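Engineer: Shown below is the structure under consideration.
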Amino acid sequence: MCFRMARTPIAVELITVGVLAAIALGFGINREGIASGYVDPLLHAGAQDEAVYGHAAARMVRTGEWMTPIFLDRFMLNKPPLLMWAGAAGMRWFGINPVTLRAPVVFSGVLCCVLVYWWVRRSQPVVAAVAGAVLLLGTSLFPSMSRRFMTDAPLTLFVVAAMFVVAADLRWERRSTVILFGAFSGAAVMTKSAAGLLPLFILAVYWVFAGSKDRPPLRKALAAFALAVLVAAPWHVYEFVVHKDWFVAEYVRFQLLGSGVTAPSRYTGDTNLWFYFKALLRTDSFLLLLWATSIPWIVIAWKRSHEARLLAAWFLTATACLLVFGTRAAYYLMPLLPVFVLMTIEFSPLLRGRFAWVAFAVLIVGFGIPASEAIWGSGYYVPRTVPPAFALDRYARLRRTNELLIVSPDDEFYASVVDLPKIRYVYLTPLDATKTSAFFYRLGMILGSDEFCSLERLMPVYEQRLRAWKLPEGLHPEATLIDSGTVEELARVIRCSPDRDLMIPEAFRELAVGASAATHTATGNQAGRFFLLSRNSSRRPQGSKAPGALDRD
């Protein structure tokens, strides 16, 4: 199917759209700091996942251990590793740096634009297809998430690709439809776990909507499901067999159950429906308005248009998933944005008839402005780096051998991709229980200040528990997070860390300097922070690199 069409002149159009989308999404990406800006402009949620996944991908390249992602010396099994594999594969050949890391995500966004263009172009003129691609790029969310090393853009690509395969062969008459749909669905699961089941759920709903005469044969749909299982199962089976305790605790109990349907919202008391409506209204109100004009025409076309039923199944299924999922964030809307665009372009009366060219021209200009702001301007990209990034980079150039304790962190785990030998995070307020799990405490990865100051005595206990959970020797995630609970405990943490460096907010200088007078030297103010440098230190060899570090040169 796809290969036959690629030999027609449409290939030239698709390549052109791809190149232009790549320029738009990739422009200036080297200037964006890792984990910078917001992934949710309403909640001001940071992009810490980019640093987490980036650290794991860089570590795969440097250590050669690809099967099980590792973050800050511990297994990271909350998500399957397809995104990290893609980032690591690129860095294996082209260098361990942020641009190469983000290339697979940019490529995912580009292919989404190409597929939306192709979808519309099958039945409408070039100007309509161009408007569809521009409409997608013109959203606030899509270009932002297509430039960050996070799972949402690749997931959206696999959903769009799976739906495109169905739209091109609604009755599944070609064998390639079964193969491609199953492969894309399995890849979606390997990208974002349970969220990757979305193409399969959409197919089930469409199978009902299509009616007995027009639906895909059940045996072929089941074959596609089986193929998706074959794609996604090996990694899941491996982790369950080899790292059963960790896999069940983090992947099943914490991620699927704890952060899934049973999880309360961490940030807002709004219902899911109201939260996502507000998110769309604030970020993409014009798209929401245009989409609303398409609804009556989709209803009118329901009986005669298979595409109307497919798009409706996509929209309703994706919306239902958002409504039942406990944790909420604006970027979860990503798989919905292409269907908003396709429904609008295909069915809105404002984009049809005598004045369609005028409407498309207005649309392109109107959405070109927010697109340029999202890609080149502000919006999600303020700030361009996390607040302590400059100070951490400057500190790393000292190449000290000491551990670094980061107090009251606001770096979104940026320090994890900086060339530092060992970092720990000290929280002066109680940790959010929805972001942690009981096994973090049992294995010693989260400790209170009392336990941290007794770490040498407690290490054998935690090491025994970690080895029982099959963590390799040489990895020591104990006390990665220190939950001191109060500002008063900071002085105690400093006093029991004579050989460690600390990065501390300037507001705590008097307390910190008083507690460290005999063991540390305080630096000057660096963007609201200062360092306590241990007087007992040495310099790391010039050629050494932290496993999860991204090169900046």
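For the structure tokens, the naming scheme is as follows: chains receive sequential letters (A, B, ...) according to their order of presentation, residues are indexed from 1 within each chain, and ligands are indexed from 1 in presentation order.
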Extract, using only C-alpha atoms, all DNA, RNA and protein residues at most 12 Å from A:Glu478, discarding same-chain residues fewer than 5 positions from it, and format them as a PyMOL selection string.

Structural biologist: chain A and resi 72-74+422-425+440-448+451-452+454-456+458-466+471

Engineer: Which residue, A:His476, A:Leu481, A:Arg147, A:Tyr206, has the smallest gap to A:Leu431 when you use only C-alpha atoms?

Structural biologist: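 Between A:His476, A:Leu481, A:Arg147, A:Tyr206, the residue approaching A:Leu431 most closely is A:Leu481.
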
Engineer: Within 10 Å of A:Val17, counting only C-alpha atoms, which residues qualify if same-chain residues fewer than 3 places away don't, as a PyMOL selection string?

Structural biologist: chain A and resi 11-14+20-23+110-111+113-115+117-118+129-130+133-134

Engineer: Could you write those residues out with N, CA and C atoms, as a CSV table (one decimal), in the first residue's frame?

Structural biologist:
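Result saved to part_8.csv:
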chain,number,residue,atom,x,y,z
A,11,ALA,N,4.8,11.6,-3.7
A,11,ALA,CA,6.0,11.5,-2.9
A,11,ALA,C,6.7,12.8,-2.9
A,12,VAL,N,6.7,13.6,-4.0
A,12,VAL,CA,7.4,14.9,-4.0
A,12,VAL,C,6.8,15.8,-3.0
A,13,GLU,N,5.4,15.8,-2.9
A,13,GLU,CA,4.7,16.7,-1.9
A,13,GLU,C,5.1,16.3,-0.5
A,14,LEU,N,5.1,15.0,-0.3
A,14,LEU,CA,5.3,14.5,1.1
A,14,LEU,C,6.8,14.8,1.5
A,20,LEU,N,10.0,20.9,5.2
A,20,LEU,CA,9.6,22.1,5.9
A,20,LEU,C,9.2,21.9,7.3
A,21,ALA,N,8.6,20.8,7.7
A,21,ALA,CA,8.3,20.5,9.0
A,21,ALA,C,9.5,20.3,9.9
A,22,ALA,N,10.5,19.6,9.3
A,22,ALA,CA,11.8,19.4,10.0
A,22,ALA,C,12.5,20.7,10.3
A,23,ILE,N,12.4,21.7,9.3
A,23,ILE,CA,13.0,23.0,9.5
A,23,ILE,C,12.3,23.7,10.7
A,110,VAL,N,7.7,15.4,12.7
A,110,VAL,CA,7.8,15.6,11.2
A,110,VAL,C,6.9,14.6,10.5
A,111,LEU,N,7.0,13.3,10.9
A,111,LEU,CA,6.2,12.3,10.3
A,111,LEU,C,4.7,12.4,10.6
A,113,CYS,N,3.2,15.3,10.8
A,113,CYS,CA,2.8,16.3,9.9
A,113,CYS,C,2.6,15.7,8.5
A,114,VAL,N,3.5,14.9,8.1
A,114,VAL,CA,3.5,14.3,6.7
A,114,VAL,C,2.2,13.4,6.6
A,115,LEU,N,1.9,12.6,7.7
A,115,LEU,CA,0.8,11.7,7.6
A,115,LEU,C,-0.5,12.5,7.6
A,117,TYR,N,-0.9,15.5,6.4
A,117,TYR,CA,-1.0,16.0,5.0
A,117,TYR,C,-1.5,14.9,4.0
A,118,TRP,N,-0.8,13.7,4.1
A,118,TRP,CA,-1.2,12.7,3.2
A,118,TRP,C,-2.6,12.2,3.4
A,129,ALA,N,-4.6,20.2,2.3
A,129,ALA,CA,-3.6,19.3,3.0
A,129,ALA,C,-2.6,20.2,3.7
A,130,VAL,N,-2.1,21.2,3.0
A,130,VAL,CA,-1.2,22.2,3.7
A,130,VAL,C,-1.8,22.8,4.9
A,133,ALA,N,-1.5,20.4,7.9
A,133,ALA,CA,-0.2,20.4,8.5
A,133,ALA,C,0.1,21.6,9.3
A,134,VAL,N,-0.3,22.8,8.7
A,134,VAL,CA,-0.1,24.1,9.4
A,134,VAL,C,-0.9,24.1,10.7

Engineer: Mind pulling up the distance from atom CA of A:Arg492 to atom CA of A:Ser534?

Structural biologist: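 Computing the Euclidean distance for atom CA of A:Ser534 and atom CA of A:Arg492 yields 15.5 Å.
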
Engineer: Excluding A:Gly528 and any residue of its chain fewer than 5 positions from it, enumerate the residues within 9 Å of it, using only C-alpha atoms, and give them as a list in words.

Structural biologist: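 Skipping anything fewer than 5 positions along the chain leaves Pro387, Pro388, Ile504, Pro505, Glu506 and Ala507 of chain A.
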
Engineer: Write to file, as a short mmCIF file (atom, residue, chain, number, x, y, z; two decimals), in the first residue's frame, the residues of the selection just made, with N, CA and C atoms.

Structural biologist:
data_model
loop_
_atom_site.label_atom_id
_atom_site.label_comp_id
_atom_site.auth_asym_id
_atom_site.auth_seq_id
_atom_site.Cartn_x
_atom_site.Cartn_y
_atom_site.Cartn_z
N PRO A 387 16.60 27.00 36.10
CA PRO A 387 17.32 28.06 36.82
C PRO A 387 18.75 27.73 37.23
N PRO A 388 19.04 26.53 37.75
CA PRO A 388 20.42 26.30 38.19
C PRO A 388 21.35 25.75 37.12
N ILE A 504 23.15 25.17 47.38
CA ILE A 504 22.12 25.59 48.34
C ILE A 504 21.52 26.92 47.90
N PRO A 505 20.21 27.11 48.07
CA PRO A 505 19.62 28.42 47.78
C PRO A 505 20.25 29.52 48.64
N GLU A 506 20.41 30.67 48.05
CA GLU A 506 21.05 31.78 48.75
C GLU A 506 20.34 32.13 50.04
N ALA A 507 19.04 31.90 50.12
CA ALA A 507 18.27 32.24 51.32
C ALA A 507 18.76 31.51 52.56
#

Engineer: Can you list, as number ranges by chain, all residues belonging to stretch 329-544 of chain A that DSSP tags as strand (DSSP E or B)?

Structural biologist: A: 400, 404-407, 423-427, 446-447, 481-483, 501-505, 520-522, 526, 529-534, 539

Engineer: Might you pull out every residue within 6 Å of stretch 515-523 of chain A, with only C-alpha atoms counted and same-chain residues fewer than 2 positions away left off, and present them as a list in words?

Structural biologist: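 Residues near the query, excluding close chain neighbours: Ala491, Pro498, Ala512, Val513, Phe530, Phe531, Leu532, Leu533, Ser534 and Arg535 of chain A.
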
Engineer: I need the residues in stretch 136-306 of chain A that are helix (DSSP H, G or I) according to DSSP; give them as an MDAnalysis selection string.

Structural biologist: chainID A and resid 136:137 141:145 152:168 175:210 218:242 244:261 272:283 285:300 306

Engineer: Find the residue from A:Trp357, A:Phe347, A:Phe184, A:Trp246 that sits nearest to A:Leu230; use only C-alpha atoms when measuring.

Structural biologist: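 Nearest candidate to A:Leu230 out of A:Trp357, A:Phe347, A:Phe184, A:Trp246: A:Phe184.
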
Engineer: Would you mind telling me which residue in A:Ala35, A:Leu342, A:Val126, A:Leu280 lies nearest to A:Ser416 when using only C-alpha atoms?

Structural biologist: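 Using only C-alpha atoms, the shortest distance to A:Ser416 belongs to A:Ala35.
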
Engineer: Could you please determine the separation between atom CA of A:Leu222 and atom CA of A:Val205 in Å, to one decimal place?

Structural biologist: 14.0 Å

Engineer: Could you give me, as a compact mmCIF listing (two decimals) with all heavy atoms, in the first residue's frame, the residues within 9 Å of A:Leu141, counting only C-alpha atoms and dropping anything in the same chain fewer than 5 positions from it?

Structural biologist:
# COMPACT_ATOMS: atom_id res chain seq x y z
N VAL A 39 5.99 21.65 30.33
CA VAL A 39 5.21 20.73 29.49
C VAL A 39 3.73 20.92 29.73
O VAL A 39 2.90 20.32 29.05
CB VAL A 39 5.61 19.26 29.77
CG1 VAL A 39 7.02 19.00 29.29
CG2 VAL A 39 5.46 18.91 31.25
N ASP A 40 3.40 21.73 30.70
CA ASP A 40 2.01 22.08 30.97
C ASP A 40 1.97 23.55 31.38
O ASP A 40 2.34 23.89 32.50
CB ASP A 40 1.44 21.20 32.07
CG ASP A 40 -0.07 21.36 32.22
OD1 ASP A 40 -0.56 22.50 32.14
OD2 ASP A 40 -0.76 20.34 32.41
N SER A 146 7.22 18.07 20.38
CA SER A 146 7.99 17.43 19.30
C SER A 146 9.45 17.88 19.30
O SER A 146 10.19 17.56 18.38
CB SER A 146 7.36 17.75 17.94
OG SER A 146 6.07 17.20 17.83
N THR A 283 -4.89 27.10 25.42
CA THR A 283 -3.74 26.94 24.53
C THR A 283 -4.13 26.94 23.05
O THR A 283 -3.35 27.39 22.21
CB THR A 283 -2.98 25.65 24.85
OG1 THR A 283 -3.86 24.53 24.69
CG2 THR A 283 -2.46 25.67 26.28
N ASP A 284 -5.31 26.40 22.71
CA ASP A 284 -5.70 26.24 21.31
C ASP A 284 -7.18 26.51 21.11
O ASP A 284 -7.92 25.69 20.55
CB ASP A 284 -5.35 24.83 20.82
CG ASP A 284 -3.85 24.58 20.81
OD1 ASP A 284 -3.14 25.34 20.13
OD2 ASP A 284 -3.40 23.65 21.49
N ALA A 330 -1.53 18.60 30.58
CA ALA A 330 -1.95 19.11 29.28
C ALA A 330 -1.32 18.32 28.14
O ALA A 330 -1.95 18.11 27.10
CB ALA A 330 -1.62 20.60 29.16
N TYR A 331 -0.07 17.87 28.30
CA TYR A 331 0.59 17.19 27.19
C TYR A 331 0.00 15.82 26.90
O TYR A 331 0.31 15.21 25.87
CB TYR A 331 2.10 17.09 27.42
CG TYR A 331 2.55 16.38 28.67
CD1 TYR A 331 2.80 15.02 28.65
CD2 TYR A 331 2.76 17.09 29.85
CE1 TYR A 331 3.23 14.37 29.79
CE2 TYR A 331 3.20 16.44 31.00
CZ TYR A 331 3.44 15.09 30.97
OH TYR A 331 3.87 14.45 32.10
N LEU A 333 -2.81 15.49 25.95
CA LEU A 333 -3.70 15.77 24.82
C LEU A 333 -3.05 15.50 23.46
O LEU A 333 -3.73 15.55 22.44
CB LEU A 333 -4.15 17.24 24.86
CG LEU A 333 -5.16 17.62 25.94
CD1 LEU A 333 -5.20 19.14 26.12
CD2 LEU A 333 -6.55 17.09 25.59
N MET A 334 -1.76 15.22 23.45
CA MET A 334 -1.05 15.08 22.17
C MET A 334 -1.72 14.13 21.18
O MET A 334 -1.92 14.48 20.02
CB MET A 334 0.39 14.64 22.44
CG MET A 334 1.34 15.77 22.74
SD MET A 334 1.79 16.75 21.28
CE MET A 334 2.95 15.65 20.48
N LEU A 337 -4.67 15.82 19.27
CA LEU A 337 -4.50 16.98 18.38
C LEU A 337 -4.62 16.61 16.90
O LEU A 337 -5.30 17.33 16.15
CB LEU A 337 -3.17 17.66 18.67
CG LEU A 337 -3.04 18.31 20.06
CD1 LEU A 337 -1.66 18.94 20.21
CD2 LEU A 337 -4.13 19.36 20.27
N ALA A 374 5.62 29.32 19.32
CA ALA A 374 5.88 28.07 20.04
C ALA A 374 7.25 27.51 19.70
O ALA A 374 7.93 26.93 20.54
CB ALA A 374 4.80 27.03 19.72
N TYR A 380 5.91 27.74 25.67
CA TYR A 380 6.42 26.63 26.47
C TYR A 380 7.91 26.76 26.73
O TYR A 380 8.45 26.04 27.58
CB TYR A 380 6.18 25.30 25.73
CG TYR A 380 4.76 24.81 25.80
CD1 TYR A 380 3.80 25.25 24.91
CD2 TYR A 380 4.39 23.89 26.77
CE1 TYR A 380 2.50 24.78 24.97
CE2 TYR A 380 3.10 23.40 26.83
CZ TYR A 380 2.16 23.85 25.94
OH TYR A 380 0.87 23.38 26.00

Engineer: Using atom CA of A:Leu310 and atom CA of A:Ala167 as the two end points, give the distance in Å to one decimal.

Structural biologist: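 A separation of 7.5 Å between them.
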
Engineer: Quick one: residues within 10 Å of A:Arg540, only C-alpha atoms, excluding same-chain residues fewer than 4 positions away - as number ranges by chain?

Structural biologist: A: 398-402, 420-421, 544-545

Engineer: For each of A:Leu135, A:Leu281, A:Ala479, A:Leu101, take the minimum atom-to-atom distance to A:Ile345, counting only C-alpha atoms, then give the residue where this is smallest.

Structural biologist: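 Of all the options, A:Leu135 lies closest to A:Ile345.
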